[in-house]
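Before any comments, here is the structure.
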Amino acid sequence: MIMDDNIVGMRIAEGRKKLGFSQSQFAKKVCVSQQAVGKWERGESLPDIFMLAKIGQVIGKTDICYFVGKAPCLCDCGCCSCCGSQN
């Protein structure tokens, strides 16, 4: 499974914002620095698979496919510009 840094980062940012967390607050929840969260969200780096699982637990998305663009976005609108899904 190929992971696109930008899609993963977008999904992390989307989940964090849906929960109403700042990058700093989210970083504390997953035990990393705010800088790490920022790099993930900008697509500059990727969390490892264990961290991705932890992030998924925090945002309520435990299927790895969510992070690689194979699942609907958090807003459940069915037609979302952030993930490109169409109803």
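Chain labels follow the order of the structure tokens: the first chain is A, the next B, and so on; residue numbering restarts at 1 in every chain, and ligands are counted from 1 in their shown order.
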
7 Å contact set for region 3-16 of chain A, only C-alpha atoms, chain neighbours under 2 positions out, as number ranges by chain:
A: 1, 18-21, 26, 40-43, 45-46, 59, 67-69, 74

Can you spit out the residues from that selection as a PDB file, in the first residue's frame, using N, CA and C atoms?
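The result, stored in part-v2.pdb:
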ATOM      1  N   MET A   1       0.845  -1.171   0.000  1.00  0.00           N
ATOM      2  CA  MET A   1       0.000   0.000   0.000  1.00  0.00           C
ATOM      3  C   MET A   1       0.895   1.240   0.000  1.00  0.00           C
ATOM      4  N   LYS A  18     -11.706  18.529  13.359  1.00  0.00           N
ATOM      5  CA  LYS A  18     -13.049  18.046  13.697  1.00  0.00           C
ATOM      6  C   LYS A  18     -13.196  17.917  15.214  1.00  0.00           C
ATOM      7  N   LEU A  19     -12.115  17.537  15.878  1.00  0.00           N
ATOM      8  CA  LEU A  19     -12.122  17.424  17.338  1.00  0.00           C
ATOM      9  C   LEU A  19     -11.948  18.772  18.032  1.00  0.00           C
ATOM     10  N   GLY A  20     -11.599  19.797  17.263  1.00  0.00           N
ATOM     11  CA  GLY A  20     -11.409  21.131  17.828  1.00  0.00           C
ATOM     12  C   GLY A  20     -10.083  21.328  18.534  1.00  0.00           C
ATOM     13  N   PHE A  21      -9.085  20.499  18.182  1.00  0.00           N
ATOM     14  CA  PHE A  21      -7.768  20.598  18.806  1.00  0.00           C
ATOM     15  C   PHE A  21      -6.841  21.494  17.996  1.00  0.00           C
ATOM     16  N   PHE A  26      -3.304  18.464  20.010  1.00  0.00           N
ATOM     17  CA  PHE A  26      -3.300  17.152  19.363  1.00  0.00           C
ATOM     18  C   PHE A  26      -1.971  16.446  19.608  1.00  0.00           C
ATOM     19  N   TRP A  40       3.590  16.544   9.522  1.00  0.00           N
ATOM     20  CA  TRP A  40       2.662  15.557   8.961  1.00  0.00           C
ATOM     21  C   TRP A  40       1.596  16.252   8.135  1.00  0.00           C
ATOM     22  N   GLU A  41       1.011  17.300   8.729  1.00  0.00           N
ATOM     23  CA  GLU A  41      -0.097  17.987   8.066  1.00  0.00           C
ATOM     24  C   GLU A  41       0.337  18.690   6.780  1.00  0.00           C
ATOM     25  N   ARG A  42       1.574  19.137   6.719  1.00  0.00           N
ATOM     26  CA  ARG A  42       2.094  19.779   5.509  1.00  0.00           C
ATOM     27  C   ARG A  42       2.629  18.767   4.497  1.00  0.00           C
ATOM     28  N   GLY A  43       2.639  17.502   4.857  1.00  0.00           N
ATOM     29  CA  GLY A  43       3.138  16.467   3.959  1.00  0.00           C
ATOM     30  C   GLY A  43       4.649  16.410   3.880  1.00  0.00           C
ATOM     31  N   SER A  45       6.563  14.958   6.226  1.00  0.00           N
ATOM     32  CA  SER A  45       6.976  13.664   6.763  1.00  0.00           C
ATOM     33  C   SER A  45       5.729  12.856   7.087  1.00  0.00           C
ATOM     34  N   LEU A  46       5.939  11.593   7.395  1.00  0.00           N
ATOM     35  CA  LEU A  46       4.838  10.700   7.736  1.00  0.00           C
ATOM     36  C   LEU A  46       5.056  10.106   9.120  1.00  0.00           C
ATOM     37  N   ILE A  59      -8.666  10.108  16.630  1.00  0.00           N
ATOM     38  CA  ILE A  59      -9.677  10.754  15.778  1.00  0.00           C
ATOM     39  C   ILE A  59     -10.844   9.834  15.424  1.00  0.00           C
ATOM     40  N   PHE A  67      -6.435   6.730   5.981  1.00  0.00           N
ATOM     41  CA  PHE A  67      -5.288   7.628   5.840  1.00  0.00           C
ATOM     42  C   PHE A  67      -4.661   7.616   4.450  1.00  0.00           C
ATOM     43  N   VAL A  68      -4.991   6.636   3.640  1.00  0.00           N
ATOM     44  CA  VAL A  68      -4.408   6.573   2.301  1.00  0.00           C
ATOM     45  C   VAL A  68      -5.421   6.907   1.217  1.00  0.00           C
ATOM     46  N   GLY A  69      -6.535   7.508   1.607  1.00  0.00           N
ATOM     47  CA  GLY A  69      -7.491   8.003   0.634  1.00  0.00           C
ATOM     48  C   GLY A  69      -8.495   6.987   0.139  1.00  0.00           C
ATOM     49  N   LEU A  74     -14.190  12.768   7.041  1.00  0.00           N
ATOM     50  CA  LEU A  74     -14.842  12.849   8.345  1.00  0.00           C
ATOM     51  C   LEU A  74     -16.177  13.562   8.327  1.00  0.00           C
TER      52      LEU A  74
END

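Our summary of the geometry notes that CA of Gln57 (chain A) is positioned 9.5 Å from CA of Val30 (chain A).
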
Selection near Gln35 (chain A), 10 Å with only C-alpha atoms, sequence-local residues under 6 positions removed, as a ChimeraX atom specification:
/A:23-24,27,41

For those residues, write C-alpha atoms to a file as a compact mmCIF listing (two decimals), in the first residue's frame.
# COMPACT_ATOMS: atom_id res chain seq x y z
CA GLN A 23 -1.76 21.25 16.70
CA SER A 24 -0.25 21.60 20.17
CA ALA A 27 0.44 16.64 19.76
CA GLU A 41 -0.10 17.99 8.07

Ala53 (chain A) environment, 10 Å, only C-alpha atoms, sequence neighbours closer than 5 positions dropped, as a ChimeraX atom specification:
/A:47-48,58,61-64

Could you save those same residues with C-alpha atoms as a CSV table (one decimal), in the first residue's frame?
chain,number,residue,atom,x,y,z
A,47,PRO,CA,4.1,9.2,11.1
A,48,ASP,CA,5.2,5.6,11.5
A,58,VAL,CA,-7.7,9.6,18.8
A,61,LYS,CA,-10.6,6.3,12.4
A,62,THR,CA,-8.9,3.0,13.0
A,63,ASP,CA,-8.9,1.6,9.4
A,64,ILE,CA,-5.6,2.4,7.8

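Taking the backbone of this structure through DSSP, the residues of region 31-60 of chain A that come out as helix (DSSP H, G or I) are Gln34, Gln35, Ala36, Val37, Gly38, Lys39, Trp40, Glu41, Arg42, Ile49, Phe50, Met51, Leu52, Ala53, Lys54, Ile55, Gly56, Gln57, Val58 and Ile59 of chain A.
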
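Our summary of the geometry notes that CA of Phe50 (chain A) is positioned 21.4 Å from CA of Lys17 (chain A).
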